[in-house]
Amino acid sequence: MEIVKRINTSAVLCVDGNGRQLVAFGRGLGFKNVGDEVPLSEIQRTFYNVSSRYIALVDEVPDELLELTSDVIDMSTGLLPYEVSPNLPFILADHIAYAVKRKEQNIVVRMPLSLALLDQI
């Protein structure tokens, strides 16, 4: 795989041998130069068909959170009768990161619909 763009210290945009674009994660991959070949042994996870608008989220979300959401999606994929969007790990990680940020800042968001549902149980 050839690096075409650095995203952060552990994520790069690559092109594989078939010319398909992907996001590759691995410790220190972002320190390599554009044009370098990345050995498969250094890649921990890959994401194909990610929209360019969600690739920017990689730099805004902690790597651990993206790994967690990816694992959850991997576990649930076999249970779903349809294919999930390749953008889902990035979108879900972004939502969870924002919820964590609100919690750290003691911001409480009222959710009247969830309270109404709890009253019915």
# chains A, B, ... in the order shown; residues from 1 in each chain; ligands from 1
$ closest_atom_pairs --of "range 77-113 of chain A" --to "range 35-51 of chain A" --cutoff "10 Å" --atoms "only C-alpha atoms" --output "Markdown table"
| residue | atom | partner | partner_atom | distance |
| --- | --- | --- | --- | --- |
| A:Ser85 | CA | A:Val50 | CA | 8.6 |
| A:Pro86 | CA | A:Val50 | CA | 5.6 |
| A:Asn87 | CA | A:Val50 | CA | 5.4 |
| A:Leu88 | CA | A:Val50 | CA | 9.1 |
| A:Pro89 | CA | A:Phe47 | CA | 9.1 |
| A:Phe90 | CA | A:Val50 | CA | 8.8 |
$ residues_around --residues "Ile96 in chain A" --least-positions-apart "2" --cutoff "12 Å" --atoms "only C-alpha atoms" --output "list of chain:residue names"
A:Glu60, A:Val61, A:Pro62, A:Glu64, A:Leu65, A:Leu66, A:Leu68, A:Thr69, A:Pro89, A:Phe90, A:Ile91, A:Leu92, A:Ala93, A:Asp94, A:Tyr98, A:Ala99, A:Val100, A:Lys101, A:Arg102, A:Lys103
$ atom_distance --atom1 "CA of Ile73 in chain A" --atom2 "CA of Ile107 in chain A"
27.4 Å
$ closest_residue --among "A:Asp63, A:Asn106, A:Ile3, A:Asn33" --to "Gly17 in chain A" --atoms "only C-alpha atoms"
A:Ile3
$ residues_around --residues "Phe31 in chain A" --least-positions-apart "5" --cutoff "9 Å" --atoms "only C-alpha atoms" --output "list of chain:residue names"
A:Arg6, A:Asn8, A:Thr9, A:Ser10
$ write_last_selection --atoms "all heavy atoms" --output "PDB file, in the first residue's frame"
ATOM      1  N   ARG A   6      -1.032  11.959   4.778  1.00  0.00           N
ATOM      2  CA  ARG A   6      -0.983  11.724   6.224  1.00  0.00           C
ATOM      3  C   ARG A   6      -2.217  12.349   6.859  1.00  0.00           C
ATOM      4  O   ARG A   6      -2.593  13.468   6.512  1.00  0.00           O
ATOM      5  CB  ARG A   6       0.254  12.381   6.829  1.00  0.00           C
ATOM      6  CG  ARG A   6       1.512  11.620   6.538  1.00  0.00           C
ATOM      7  CD  ARG A   6       2.670  12.269   7.238  1.00  0.00           C
ATOM      8  NE  ARG A   6       3.600  12.651   6.174  1.00  0.00           N
ATOM      9  CZ  ARG A   6       4.542  13.529   6.291  1.00  0.00           C
ATOM     10  NH1 ARG A   6       4.713  14.188   7.400  1.00  0.00           N
ATOM     11  NH2 ARG A   6       5.334  13.785   5.285  1.00  0.00           N
ATOM     12  N   ASN A   8      -2.950  11.691  10.620  1.00  0.00           N
ATOM     13  CA  ASN A   8      -2.369  12.010  11.926  1.00  0.00           C
ATOM     14  C   ASN A   8      -1.235  11.027  12.176  1.00  0.00           C
ATOM     15  O   ASN A   8      -0.822  10.320  11.259  1.00  0.00           O
ATOM     16  CB  ASN A   8      -3.433  12.021  13.043  1.00  0.00           C
ATOM     17  CG  ASN A   8      -4.084  10.677  13.278  1.00  0.00           C
ATOM     18  OD1 ASN A   8      -3.520   9.629  13.010  1.00  0.00           O
ATOM     19  ND2 ASN A   8      -5.298  10.698  13.800  1.00  0.00           N
ATOM     20  N   THR A   9      -0.752  10.950  13.403  1.00  0.00           N
ATOM     21  CA  THR A   9       0.422  10.098  13.662  1.00  0.00           C
ATOM     22  C   THR A   9       0.162   8.612  13.475  1.00  0.00           C
ATOM     23  O   THR A   9       1.085   7.849  13.230  1.00  0.00           O
ATOM     24  CB  THR A   9       0.956  10.330  15.087  1.00  0.00           C
ATOM     25  OG1 THR A   9      -0.076  10.043  16.031  1.00  0.00           O
ATOM     26  CG2 THR A   9       1.445  11.752  15.258  1.00  0.00           C
ATOM     27  N   SER A  10      -1.097   8.206  13.551  1.00  0.00           N
ATOM     28  CA  SER A  10      -1.384   6.779  13.420  1.00  0.00           C
ATOM     29  C   SER A  10      -2.320   6.443  12.265  1.00  0.00           C
ATOM     30  O   SER A  10      -2.711   5.287  12.112  1.00  0.00           O
ATOM     31  CB  SER A  10      -1.980   6.250  14.732  1.00  0.00           C
ATOM     32  OG  SER A  10      -3.176   6.924  15.019  1.00  0.00           O
TER      33      SER A  10
END
$ closest_residue --among "A:Leu29, A:Leu80, A:Ile7, A:Leu57" --to "His95 in chain A" --atoms "only C-alpha atoms"
A:Leu57
$ select_by_dssp --residues "range 28-121 of chain A" --states "alpha helix (DSSP H)" --output "ChimeraX atom specification"
/A:52-55,63-77,88-104,112-120
$ closest_residue --among "A:Gly19, A:Ala11, A:Ile55, A:Lys5" --to "Val34 in chain A" --atoms "only C-alpha atoms"
A:Lys5
$ select_by_dssp --residues "chain A" --states "strand (DSSP E or B)" --output "ChimeraX atom specification"
/A:2-8,11-15,21-25,37,45-48
$ atom_distance --atom1 "CA of Glu2 in chain A" --atom2 "CA of Glu67 in chain A"
22.4 Å
$ atom_distance --atom1 "CA of Gln105 in chain A" --atom2 "CA of Asp59 in chain A"
21.0 Å
